[in-house]
file target.csv (CSV, C-alpha atoms)
chain,number,residue,atom,x,y,z
A,1,MET,CA,5.6,1.1,11.7
A,2,GLU,CA,9.3,2.2,11.3
A,3,GLN,CA,8.5,3.6,7.8
A,4,GLN,CA,5.6,5.6,9.2
A,5,ARG,CA,7.8,7.1,11.9
A,6,GLN,CA,10.4,8.1,9.3
A,7,LEU,CA,7.8,9.7,7.1
A,8,ILE,CA,6.3,11.7,10.0
A,9,THR,CA,9.8,12.9,10.9
A,10,TRP,CA,10.4,13.9,7.3
A,11,TYR,CA,7.1,15.8,7.2
A,12,VAL,CA,7.9,17.7,10.4
A,13,LEU,CA,11.4,18.7,9.1
A,14,PHE,CA,10.0,19.8,5.7
A,15,ALA,CA,7.3,21.9,7.4
A,16,ILE,CA,9.9,23.5,9.7
A,17,THR,CA,12.1,24.5,6.7
A,18,GLN,CA,9.1,25.8,4.7
A,19,VAL,CA,7.8,27.9,7.7
A,20,THR,CA,11.4,29.2,8.4
A,21,ALA,CA,11.8,30.2,4.8
A,22,LEU,CA,8.5,32.0,4.9
A,23,VAL,CA,9.5,33.9,8.0
A,24,LEU,CA,12.9,34.9,6.6
A,25,VAL,CA,11.2,36.1,3.4
A,26,LEU,CA,8.6,38.2,5.2
A,27,ILE,CA,11.1,39.9,7.5
A,28,ASP,CA,13.9,40.7,4.9
A,29,ASN,CA,14.5,44.2,3.4
A,30,ASN,CA,12.9,43.6,0.0
A,31,PRO,CA,9.8,45.6,-1.1
A,32,LEU,CA,6.6,44.4,0.4
A,33,ALA,CA,5.2,43.2,-3.0
A,34,ASP,CA,8.3,41.1,-3.6
A,35,ARG,CA,8.1,39.6,-0.2
A,36,LEU,CA,4.5,38.7,-0.5
A,37,THR,CA,5.0,37.2,-4.0
A,38,ALA,CA,7.9,35.1,-2.7
A,39,ALA,CA,5.9,33.9,0.3
A,40,GLY,CA,3.0,33.0,-2.0
A,41,LEU,CA,5.3,31.0,-4.3
A,42,LEU,CA,6.7,29.1,-1.3
A,43,CYS,CA,3.1,28.3,-0.1
A,44,LEU,CA,2.3,27.1,-3.6
A,45,ASN,CA,5.4,24.9,-3.5
A,46,GLY,CA,4.2,23.3,-0.3
A,47,VAL,CA,0.7,22.7,-1.8
A,48,TRP,CA,2.4,21.0,-4.8
A,49,PHE,CA,4.2,18.7,-2.4
A,50,VAL,CA,1.0,17.8,-0.5
A,51,LEU,CA,-1.1,17.2,-3.7
A,52,TYR,CA,1.5,15.4,-5.8
A,53,GLY,CA,4.9,14.8,-4.1
A,54,ARG,CA,3.6,13.3,-0.9
A,55,ARG,CA,2.2,10.1,-2.5
A,56,LEU,CA,5.5,9.6,-4.4
A,57,VAL,CA,7.4,9.7,-1.1
A,58,ILE,CA,4.9,7.4,0.7
A,59,ARG,CA,4.9,4.8,-2.1
A,60,GLY,CA,8.6,5.1,-2.8
A,61,GLU,CA,8.1,5.6,-6.5
A,62,ASP,CA,11.2,6.6,-8.4
A,63,ASP,CA,10.1,6.7,-12.0
A,64,TRP,CA,9.2,9.6,-14.4
A,65,HIS,CA,6.7,10.9,-11.9
A,66,GLY,CA,9.7,12.1,-9.8
A,67,PHE,CA,10.8,14.3,-12.7
A,68,VAL,CA,7.3,15.8,-13.0
A,69,TYR,CA,7.4,16.6,-9.3
A,70,ALA,CA,10.9,18.0,-9.4
A,71,ALA,CA,10.0,20.3,-12.4
A,72,GLY,CA,6.9,21.6,-10.7
A,73,SER,CA,8.7,22.2,-7.4
A,74,LEU,CA,11.6,24.1,-9.2
A,75,ALA,CA,9.0,26.1,-11.1
A,76,THR,CA,7.6,27.5,-7.8
A,77,PHE,CA,10.9,27.7,-5.9
A,78,ALA,CA,13.1,29.4,-8.4
A,79,PRO,CA,10.8,32.5,-8.9
A,80,ALA,CA,10.5,32.8,-5.1
A,81,VAL,CA,14.3,33.2,-4.9
A,82,TRP,CA,14.1,35.8,-7.7
A,83,PHE,CA,11.8,38.0,-5.6
A,84,SER,CA,13.6,37.2,-2.3
A,85,GLY,CA,17.0,35.6,-1.8
A,86,SER,CA,15.9,34.5,1.7
A,87,ALA,CA,13.7,31.8,0.0
A,88,THR,CA,17.0,29.9,-0.6
A,89,PHE,CA,16.6,28.5,2.9
A,90,ALA,CA,13.9,26.2,1.6
A,91,LEU,CA,16.6,24.2,-0.2
A,92,PHE,CA,17.2,22.3,3.1
A,93,GLY,CA,13.7,20.7,2.7
A,94,LEU,CA,13.6,20.5,-1.1
A,95,VAL,CA,16.9,18.9,-2.0
A,96,PRO,CA,16.3,15.7,0.1
A,97,GLN,CA,12.9,15.3,-1.7
A,98,ILE,CA,14.8,14.9,-5.0
A,99,TYR,CA,16.6,11.8,-3.6
A,100,MET,CA,13.3,10.5,-2.2
A,101,VAL,CA,11.4,10.5,-5.5
A,102,LEU,CA,14.3,9.7,-7.9
A,103,PRO,CA,16.9,7.0,-8.1
A,104,ILE,CA,20.4,8.1,-6.8
A,105,GLY,CA,21.8,8.0,-10.4
A,106,TRP,CA,19.1,10.3,-11.8
A,107,ALA,CA,18.8,12.7,-8.9
A,108,PHE,CA,22.1,14.5,-9.4
A,109,PHE,CA,21.2,16.8,-12.3
A,110,PRO,CA,17.8,17.9,-10.8
A,111,MET,CA,19.5,18.6,-7.5
A,112,VAL,CA,22.2,20.7,-9.3
A,113,LEU,CA,19.4,22.7,-11.0
A,114,PHE,CA,17.7,23.3,-7.6
A,115,VAL,CA,20.9,24.7,-6.2
A,116,LEU,CA,22.3,26.7,-9.2
A,117,THR,CA,19.1,28.0,-10.8
A,118,PRO,CA,18.3,30.4,-7.9
A,119,GLN,CA,21.9,31.5,-7.9
A,120,ALA,CA,21.8,32.3,-11.6
A,121,LEU,CA,18.5,34.1,-11.3
A,122,THR,CA,19.6,36.4,-8.5
A,123,TRP,CA,22.8,37.1,-10.3
A,124,ALA,CA,20.8,37.9,-13.5
A,125,ALA,CA,18.6,40.2,-11.5
A,126,GLY,CA,21.7,42.2,-10.5
A,127,ALA,CA,21.6,41.1,-6.9
A,128,ASP,CA,24.2,39.2,-4.9
A,129,PRO,CA,23.4,35.4,-4.8
A,130,ALA,CA,21.9,34.3,-1.5
A,131,LEU,CA,24.7,31.7,-1.3
A,132,PRO,CA,28.3,32.3,-2.2
A,133,TRP,CA,29.3,30.2,-5.2
A,134,PRO,CA,31.8,28.1,-3.2
A,135,ALA,CA,29.0,27.4,-0.7
A,136,ALA,CA,26.7,26.4,-3.5
A,137,VAL,CA,29.3,23.9,-4.9
A,138,LEU,CA,29.8,22.6,-1.3
A,139,ILE,CA,26.1,22.0,-1.0
A,140,ILE,CA,26.0,20.1,-4.2
A,141,GLY,CA,28.8,17.8,-3.1
A,142,PHE,CA,27.3,17.3,0.4
A,143,SER,CA,23.8,16.6,-1.1
A,144,GLN,CA,25.1,13.9,-3.4
A,145,ALA,CA,27.0,12.2,-0.6
A,146,PHE,CA,24.0,12.5,1.7
A,147,GLY,CA,21.7,11.1,-1.0
A,148,TRP,CA,24.0,8.1,-1.5
A,149,ALA,CA,24.1,7.4,2.2
A,150,ILE,CA,20.3,7.7,2.5
A,151,SER,CA,19.8,5.3,-0.5
A,152,ARG,CA,22.1,2.8,1.1
A,153,ILE,CA,20.3,3.0,4.4
A,154,ALA,CA,16.9,2.6,2.6
A,155,ALA,CA,18.2,-0.5,0.8
A,156,GLN,CA,19.4,-2.0,4.0
A,157,ASN,CA,16.1,-1.3,5.7
A,158,GLN,CA,14.2,-2.9,2.8
A,159,GLN,CA,16.4,-6.0,3.2
A,160,ARG,CA,15.8,-6.1,6.9
A,161,GLY,CA,12.0,-5.8,6.3
A,162,GLU,CA,12.0,-8.6,3.8
A,163,LEU,CA,14.0,-10.8,6.3
A,164,LEU,CA,11.5,-10.0,9.0
A,165,GLN,CA,8.6,-10.9,6.7
A,166,ARG,CA,10.2,-14.2,5.9
A,167,ILE,CA,10.8,-14.9,9.6
A,168,GLU,CA,7.2,-14.0,10.3
A,169,ALA,CA,5.9,-16.2,7.5
A,170,LEU,CA,7.9,-19.2,8.9
A,171,THR,CA,6.6,-18.5,12.4
A,172,ILE,CA,3.0,-18.5,11.1
A,173,GLU,CA,3.5,-21.7,9.2
A,174,ALA,CA,4.9,-23.3,12.3
A,175,GLU,CA,1.9,-22.2,14.3
A,176,ARG,CA,-0.5,-23.5,11.6
A,177,ALA,CA,1.4,-26.8,11.7
A,178,ARG,CA,0.7,-26.9,15.4
A,179,TRP,CA,-2.9,-26.2,14.9
A,180,SER,CA,-3.1,-29.0,12.3
A,181,ALA,CA,-1.6,-31.4,14.9
A,182,ASP,CA,-4.1,-30.2,17.5
A,183,ILE,CA,-7.0,-30.7,15.2
A,184,HIS,CA,-5.7,-34.2,14.3
A,185,ASP,CA,-5.3,-35.1,17.9
A,186,THR,CA,-8.8,-33.8,19.0
A,187,LEU,CA,-11.4,-33.6,16.2
A,188,ALA,CA,-10.1,-36.4,14.0
A,189,GLN,CA,-9.8,-38.9,16.8
A,190,GLY,CA,-13.1,-37.8,18.3
A,191,PHE,CA,-15.0,-38.3,15.1
A,192,THR,CA,-13.3,-41.7,14.7
A,193,SER,CA,-14.7,-42.6,18.1
A,194,ILE,CA,-18.2,-41.5,17.0
A,195,ILE,CA,-18.1,-43.7,13.9
A,196,THR,CA,-16.9,-46.7,16.0
A,197,LEU,CA,-19.7,-46.1,18.6
A,198,LEU,CA,-22.4,-45.7,16.0
A,199,GLN,CA,-21.4,-49.0,14.4
A,200,GLY,CA,-22.1,-50.7,17.8
A,201,ALA,CA,-25.3,-51.3,19.7
A,202,GLN,CA,-28.0,-48.7,20.4
A,203,PRO,CA,-26.8,-47.9,24.0
A,204,ASN,CA,-23.7,-46.3,22.4
A,205,VAL,CA,-25.7,-43.6,20.6
A,206,GLU,CA,-25.9,-41.4,23.7
A,207,LEU,CA,-22.2,-41.6,24.2
A,208,ALA,CA,-21.6,-40.8,20.5
A,209,LEU,CA,-23.8,-37.7,20.8
A,210,GLN,CA,-21.8,-36.6,23.8
A,211,THR,CA,-18.5,-37.1,22.0
A,212,ALA,CA,-19.9,-35.2,19.0
A,213,ARG,CA,-20.9,-32.2,21.1
A,214,GLU,CA,-17.5,-32.1,22.7
A,215,ASN,CA,-15.7,-32.1,19.4
A,216,LEU,CA,-18.1,-29.5,18.0
A,217,ARG,CA,-17.1,-27.2,20.8
A,218,GLU,CA,-13.5,-27.9,20.2
A,219,ALA,CA,-13.9,-27.2,16.4
A,220,ARG,CA,-15.6,-23.8,17.1
A,221,ALA,CA,-12.8,-22.8,19.5
A,222,LEU,CA,-10.1,-23.7,17.0
A,223,VAL,CA,-11.9,-21.9,14.1
A,224,ALA,CA,-12.5,-18.8,16.2
A,225,SER,CA,-8.8,-18.4,17.0
A,226,ASN,CA,-7.5,-19.2,13.6
A,227,ALA,CA,-8.7,-16.7,11.0
A,228,PRO,CA,-7.6,-16.9,7.3
A,229,SER,CA,-3.9,-16.2,7.1
A,230,PRO,CA,-4.2,-13.2,4.7
A,231,LEU,CA,-6.3,-11.4,7.2
A,232,ASP,CA,-3.9,-11.9,10.1
A,233,GLY,CA,-3.1,-8.5,11.5
A,234,SER,CA,-4.2,-6.6,8.4
A,235,SER,CA,-7.3,-5.0,6.8
A,236,LEU,CA,-9.4,-6.6,4.1
A,237,GLU,CA,-8.1,-4.0,1.6
A,238,ASP,CA,-4.5,-4.9,2.4
A,239,ALA,CA,-5.1,-8.6,2.3
A,240,LEU,CA,-6.8,-8.3,-1.1
A,241,ARG,CA,-4.0,-6.1,-2.5
A,242,ARG,CA,-1.5,-8.7,-1.5
A,243,LEU,CA,-3.6,-11.4,-3.0
A,244,VAL,CA,-3.9,-9.7,-6.3
A,245,SER,CA,-0.3,-8.8,-6.4
A,246,GLY,CA,0.6,-12.5,-6.0
A,247,VAL,CA,-1.1,-13.7,-9.2
A,248,THR,CA,1.2,-14.5,-12.2
A,249,LEU,CA,-0.8,-12.3,-14.6
A,250,PRO,CA,-0.5,-8.6,-14.9
A,251,SER,CA,-3.0,-7.3,-12.4
A,252,THR,CA,-4.5,-4.2,-10.7
A,253,PHE,CA,-6.4,-3.6,-7.6
A,254,ARG,CA,-8.3,-0.4,-6.7
A,255,VAL,CA,-10.9,0.8,-4.1
A,256,ILE,CA,-13.8,3.1,-4.9
A,257,GLY,CA,-15.6,4.9,-2.1
A,258,ASP,CA,-14.8,5.3,1.5
A,259,ALA,CA,-14.0,2.0,3.3
A,260,VAL,CA,-16.2,1.1,6.2
A,261,PRO,CA,-15.7,-1.7,8.9
A,262,LEU,CA,-17.1,-5.1,7.9
A,263,ALA,CA,-18.0,-8.0,10.1
A,264,THR,CA,-15.3,-10.7,10.2
A,265,SER,CA,-17.6,-13.2,8.6
A,266,ALA,CA,-18.1,-10.9,5.6
A,267,GLU,CA,-14.4,-10.2,5.3
A,268,VAL,CA,-13.6,-13.9,5.3
A,269,VAL,CA,-16.3,-14.6,2.6
A,270,LEU,CA,-15.1,-11.8,0.4
A,271,LEU,CA,-11.5,-12.8,0.7
A,272,ARG,CA,-12.2,-16.5,0.0
A,273,THR,CA,-14.5,-15.5,-3.0
A,274,VAL,CA,-11.8,-13.4,-4.6
A,275,GLN,CA,-9.2,-16.1,-3.9
A,276,GLU,CA,-11.3,-18.7,-5.7
A,277,ALA,CA,-12.1,-16.3,-8.6
A,278,LEU,CA,-8.4,-15.5,-9.1
A,279,HIS,CA,-7.6,-19.2,-9.0
A,280,ASN,CA,-10.2,-19.9,-11.7
A,281,VAL,CA,-8.7,-17.1,-13.9
A,282,ALA,CA,-5.3,-18.6,-13.6
A,283,ARG,CA,-6.4,-22.1,-14.4
A,284,HIS,CA,-9.2,-21.8,-16.9
A,285,SER,CA,-9.5,-18.3,-18.5
A,286,GLU,CA,-6.4,-18.1,-20.7
A,287,ALA,CA,-6.4,-14.4,-19.9
A,288,SER,CA,-3.5,-12.0,-20.3
A,289,ARG,CA,-4.5,-9.7,-17.3
A,290,VAL,CA,-7.0,-9.5,-14.4
A,291,ASP,CA,-8.4,-6.5,-12.6
A,292,VAL,CA,-10.1,-6.4,-9.2
A,293,VAL,CA,-12.2,-3.5,-8.1
A,294,MET,CA,-13.6,-3.0,-4.5
A,295,ARG,CA,-16.5,-0.6,-4.2
A,296,PHE,CA,-18.1,0.8,-1.1
A,297,ASP,CA,-21.7,2.1,-1.6
A,298,GLU,CA,-24.2,3.4,1.0
A,299,ASP,CA,-25.7,0.0,1.8
A,300,SER,CA,-23.4,-2.6,0.3
A,301,VAL,CA,-19.8,-3.5,-0.6
A,302,SER,CA,-19.0,-5.2,-3.9
A,303,LEU,CA,-16.0,-6.8,-5.4
A,304,GLU,CA,-15.5,-7.4,-9.2
A,305,VAL,CA,-12.9,-9.7,-10.7
A,306,ARG,CA,-12.6,-9.1,-14.4
A,307,ASP,CA,-10.3,-10.7,-16.9
A,308,ASP,CA,-9.8,-10.6,-20.7
A,309,GLY,CA,-10.0,-14.3,-21.2
A,310,ARG,CA,-12.4,-16.6,-23.0
A,311,GLY,CA,-15.3,-16.2,-20.6
A,312,PHE,CA,-17.6,-18.8,-19.0
A,313,GLY,CA,-19.2,-20.1,-22.2
A,314,ASP,CA,-22.1,-22.6,-21.9
A,315,ALA,CA,-20.4,-24.9,-19.4
A,316,PRO,CA,-22.3,-25.6,-16.2
A,317,GLU,CA,-21.1,-24.0,-13.0
A,318,GLY,CA,-18.3,-26.0,-11.4
A,319,PHE,CA,-17.6,-26.7,-7.8
A,320,GLY,CA,-15.7,-23.4,-7.3
A,321,LEU,CA,-18.6,-21.2,-8.3
A,322,ARG,CA,-21.1,-23.2,-6.3
A,323,GLY,CA,-18.9,-22.8,-3.3
A,324,MET,CA,-18.8,-19.0,-3.9
A,325,ARG,CA,-22.6,-18.9,-3.9
A,326,ALA,CA,-22.8,-21.0,-0.8
A,327,ARG,CA,-20.4,-18.8,1.1
A,328,LEU,CA,-22.1,-15.6,0.0
A,329,GLU,CA,-25.5,-16.9,1.1
A,330,GLN,CA,-24.2,-17.2,4.6
A,331,VAL,CA,-23.8,-13.4,4.8
A,332,GLY,CA,-26.7,-12.5,2.6
A,333,GLY,CA,-24.6,-11.7,-0.5
A,334,THR,CA,-25.1,-12.4,-4.2
A,335,LEU,CA,-23.0,-13.6,-7.1
A,336,SER,CA,-23.3,-12.3,-10.7
A,337,LEU,CA,-21.4,-13.7,-13.7
A,338,SER,CA,-20.8,-12.0,-17.1
A,339,SER,CA,-18.9,-13.0,-20.2
A,340,ASP,CA,-18.8,-9.7,-22.1
A,341,ASP,CA,-15.3,-9.0,-23.4
A,342,GLY,CA,-13.8,-11.7,-21.1
A,343,ALA,CA,-15.2,-12.9,-17.8
A,344,SER,CA,-16.5,-10.9,-14.8
A,345,VAL,CA,-17.3,-12.2,-11.3
A,346,LEU,CA,-19.3,-9.6,-9.3
A,347,VAL,CA,-20.1,-10.3,-5.6
A,348,GLU,CA,-22.1,-8.0,-3.4
A,349,VAL,CA,-22.6,-8.1,0.3
A,350,PRO,CA,-25.1,-5.8,2.2
A,351,LEU,CA,-23.7,-3.6,4.9
call {"tool": "encode", "arguments": {"input": "target.csv", "output": "structure tokens"}}
result
Amino acid sequence: MEQQRQLITWYVLFAITQVTALVLVLIDNNPLADRLTAAGLLCLNGVWFVLYGRRLVIRGEDDWHGFVYAAGSLATFAPAVWFSGSATFALFGLVPQIYMVLPIGWAFFPMVLFVLTPQALTWAAGADPALPWPAAVLIIGFSQAFGWAISRIAAQNQQRGELLQRIEALTIEAERARWSADIHDTLAQGFTSIITLLQGAQPNVELALQTARENLREARALVASNAPSPLDGSSLEDALRRLVSGVTLPSTFRVIGDAVPLATSAEVVLLRTVQEALHNVARHSEASRVDVVMRFDEDSVSLEVRDDGRGFGDAPEGFGLRGMRARLEQVGGTLSLSSDDGASVLVEVPL
């Protein structure tokens, strides 16, 4: 939630700087054609951020994709300054982006290019730079210090987030331990009483049935309030992504189509089925990687777990696969197996 608020704040600030730069460009004293060209380039710069840079900021990626984004952003920003020096105001929104999509050690040189290239272009065009050179140097130093501070804050936030996740995990485990104790004290003891009563005389049968009904109601109440832990407070897509990322093999997870709400029973079955399939891959397949694809069609949702291992061969289905089929039958789903170029487990559940 905190990360979402930070992103929204950043989007608002970036939009304000872009709009302000557009207004300054449109009201300056340059020829109309130059002003419109500069404004169009700034708009193109904003579109480039929406289509490519935004996902880098959201995911926190800081690899070579950041250089691609920085190059594209500079390619639209620098010509805008050539046509109108007022476009330099957009630097207030563009320079922080460099530190958001690149590591602090790599961001310095692209940031310098963003500040100095427009200066050099306006000077080459025979016009006075939009910023005095001392001011440009001051901006470079301030930006580097600002970027370092932001990176330190981000690292601290990540550490706090990991600590909170560990605390939450310990809390959940403690709660599940309490549930286990409750089940032991209610269901286990109740079924023990049933066995004892049934071993006695016939008059005890009615009392045994009453005890069984009471424990069945208790079991349903406990199960209804204790969904599988991966689904606690998250969507099925998020739970599957965490599940796939936790395997020891190189893995990928992707979603095809527009997600639609599923019944809780279907979500539990799909989650448990993928969990069992990944467990089988890790234990039996001798695979070097595994890929999971979730697809939403008009009338069904499917999940495929594919690996590059040795396949199923001629061995009979084990307990795990039989358990998958039994779970899927409860929600009207199907299970398909394939051994072409590895092993594939495909499950489909109707919507």
call {"tool": "residues_near_point", "arguments": {"input": "target.csv", "point": "(-7.9, 1.4, -3.6)", "cutoff": "9 Å", "atoms": "all atoms listed in the file", "output": "PDB file with C-alpha atoms, keeping the file's coordinate frame"}}
result
ATOM      1  CA  GLU A 237      -8.100  -4.000   1.600  1.00  0.00           C
ATOM      2  CA  ARG A 241      -4.000  -6.100  -2.500  1.00  0.00           C
ATOM      3  CA  PHE A 253      -6.400  -3.600  -7.600  1.00  0.00           C
ATOM      4  CA  ARG A 254      -8.300  -0.400  -6.700  1.00  0.00           C
ATOM      5  CA  VAL A 255     -10.900   0.800  -4.100  1.00  0.00           C
ATOM      6  CA  ILE A 256     -13.800   3.100  -4.900  1.00  0.00           C
ATOM      7  CA  GLY A 257     -15.600   4.900  -2.100  1.00  0.00           C
ATOM      8  CA  VAL A 293     -12.200  -3.500  -8.100  1.00  0.00           C
ATOM      9  CA  MET A 294     -13.600  -3.000  -4.500  1.00  0.00           C
ATOM     10  CA  ARG A 295     -16.500  -0.600  -4.200  1.00  0.00           C
TER      11      ARG A 295
END
call {"tool": "closest_residue", "arguments": {"input": "target.csv", "among": "A:Val57, A:Leu278, A:Val81, A:Val260", "to": "A:Leu116", "atoms": "all atoms listed in the file"}}
result
A:Val81
call {"tool": "closest_residue", "arguments": {"input": "target.csv", "among": "A:Val19, A:Ala80, A:Val112, A:Ala71", "to": "A:Ala33", "atoms": "only C-alpha atoms"}}
result
A:Ala80
call {"tool": "atom_distance", "arguments": {"input": "target.csv", "atom1": "atom CA of A:Ser300", "atom2": "atom CA of A:Leu351"}}
result
4.7 Å
call {"tool": "residues_around", "arguments": {"input": "target.csv", "residues": "stretch 284-286 of chain A", "least_positions_apart": "3", "cutoff": "7 Å", "atoms": "all atoms listed in the file", "output": "NGL selection string"}}
result
:A and (280-281 or 309-311)
call {"tool": "residues_around", "arguments": {"input": "target.csv", "residues": "stretch 21-30 of chain A", "least_positions_apart": "5", "cutoff": "12 Å", "atoms": "all atoms listed in the file", "output": "number ranges by chain"}}
result
A: 14-16, 35-46, 77, 80-94, 127, 130
call {"tool": "atom_distance", "arguments": {"input": "target.csv", "atom1": "atom CA of A:Glu329", "atom2": "atom CA of A:Ser235"}}
result
22.5 Å
call {"tool": "closest_residue", "arguments": {"input": "target.csv", "among": "A:His65, A:Arg283, A:Arg306, A:Arg327", "to": "A:Leu346", "atoms": "all atoms listed in the file"}}
result
A:Arg306
call {"tool": "residues_near_point", "arguments": {"input": "target.csv", "point": "(12.4, 16.7, -3.7)", "cutoff": "10 Å", "atoms": "all atoms listed in the file", "output": "NGL selection string"}}
result
:A and (49 or 53-54 or 56-57 or 66-67 or 69-71 or 73-74 or 91 or 93-102 or 107 or 110-111 or 114)
call {"tool": "atom_distance", "arguments": {"input": "target.csv", "atom1": "atom CA of A:Gly161", "atom2": "atom CA of A:Arg242"}}
result
15.9 Å
call {"tool": "closest_residue", "arguments": {"input": "target.csv", "among": "A:Val331, A:Val137, A:Pro350, A:Leu163", "to": "A:Ala266", "atoms": "only C-alpha atoms"}}
result
A:Val331
call {"tool": "closest_residue", "arguments": {"input": "target.csv", "among": "A:Gly72, A:Ser338, A:Ile8, A:Trp64", "to": "A:Pro103", "atoms": "only C-alpha atoms"}}
result
A:Trp64
call {"tool": "closest_residue", "arguments": {"input": "target.csv", "among": "A:Leu337, A:Leu243, A:Leu321, A:Leu121", "to": "A:Asp291", "atoms": "only C-alpha atoms"}}
result
A:Leu243
call {"tool": "residues_around", "arguments": {"input": "target.csv", "residues": "A:Ser251", "least_positions_apart": "3", "cutoff": "7 Å", "atoms": "only C-alpha atoms", "output": "PyMOL selection string"}}
result
chain A and resi 244-245+289-291
call {"tool": "build_atoms", "arguments": {"input": "target.csv", "residues": "stretch 262-275 of chain A", "atoms": "N, CA, C and O atoms", "output": "compact mmCIF listing (two decimals), keeping the file's coordinate frame"}}
result
# COMPACT_ATOMS: atom_id res chain seq x y z
N LEU A 262 -16.25 -3.93 8.29
CA LEU A 262 -17.10 -5.10 7.90
C LEU A 262 -17.02 -6.12 9.04
O LEU A 262 -16.02 -6.20 9.76
N ALA A 263 -18.06 -6.91 9.14
CA ALA A 263 -18.00 -8.00 10.10
C ALA A 263 -16.95 -9.03 9.61
O ALA A 263 -16.67 -9.16 8.42
N THR A 264 -16.35 -9.71 10.58
CA THR A 264 -15.30 -10.70 10.20
C THR A 264 -15.81 -11.73 9.29
O THR A 264 -15.09 -12.14 8.36
N SER A 265 -17.04 -12.19 9.48
CA SER A 265 -17.60 -13.20 8.60
C SER A 265 -17.68 -12.71 7.16
O SER A 265 -17.37 -13.44 6.21
N ALA A 266 -18.07 -11.43 6.98
CA ALA A 266 -18.10 -10.90 5.60
C ALA A 266 -16.76 -10.73 5.01
O ALA A 266 -16.56 -11.00 3.82
N GLU A 267 -15.78 -10.31 5.81
CA GLU A 267 -14.40 -10.20 5.30
C GLU A 267 -13.88 -11.53 4.84
O GLU A 267 -13.25 -11.63 3.78
N VAL A 268 -14.13 -12.57 5.64
CA VAL A 268 -13.60 -13.90 5.30
C VAL A 268 -14.29 -14.38 3.98
O VAL A 268 -13.63 -14.91 3.08
N VAL A 269 -15.60 -14.17 3.85
CA VAL A 269 -16.30 -14.60 2.60
C VAL A 269 -15.80 -13.86 1.42
O VAL A 269 -15.53 -14.46 0.37
N LEU A 270 -15.63 -12.53 1.51
CA LEU A 270 -15.10 -11.80 0.40
C LEU A 270 -13.73 -12.18 0.00
O LEU A 270 -13.40 -12.31 -1.18
N LEU A 271 -12.89 -12.39 0.99
CA LEU A 271 -11.50 -12.80 0.70
C LEU A 271 -11.47 -14.16 0.02
O LEU A 271 -10.78 -14.34 -0.99
N ARG A 272 -12.22 -15.13 0.55
CA ARG A 272 -12.20 -16.50 0.00
C ARG A 272 -12.83 -16.46 -1.45
O ARG A 272 -12.39 -17.20 -2.34
N THR A 273 -13.85 -15.61 -1.66
CA THR A 273 -14.50 -15.50 -3.00
C THR A 273 -13.49 -15.00 -4.02
O THR A 273 -13.36 -15.55 -5.12
N VAL A 274 -12.80 -13.91 -3.69
CA VAL A 274 -11.80 -13.40 -4.60
C VAL A 274 -10.67 -14.36 -4.83
O VAL A 274 -10.17 -14.52 -5.95
N GLN A 275 -10.28 -15.06 -3.79
CA GLN A 275 -9.20 -16.10 -3.90
C GLN A 275 -9.63 -17.15 -4.90
O GLN A 275 -8.84 -17.54 -5.77
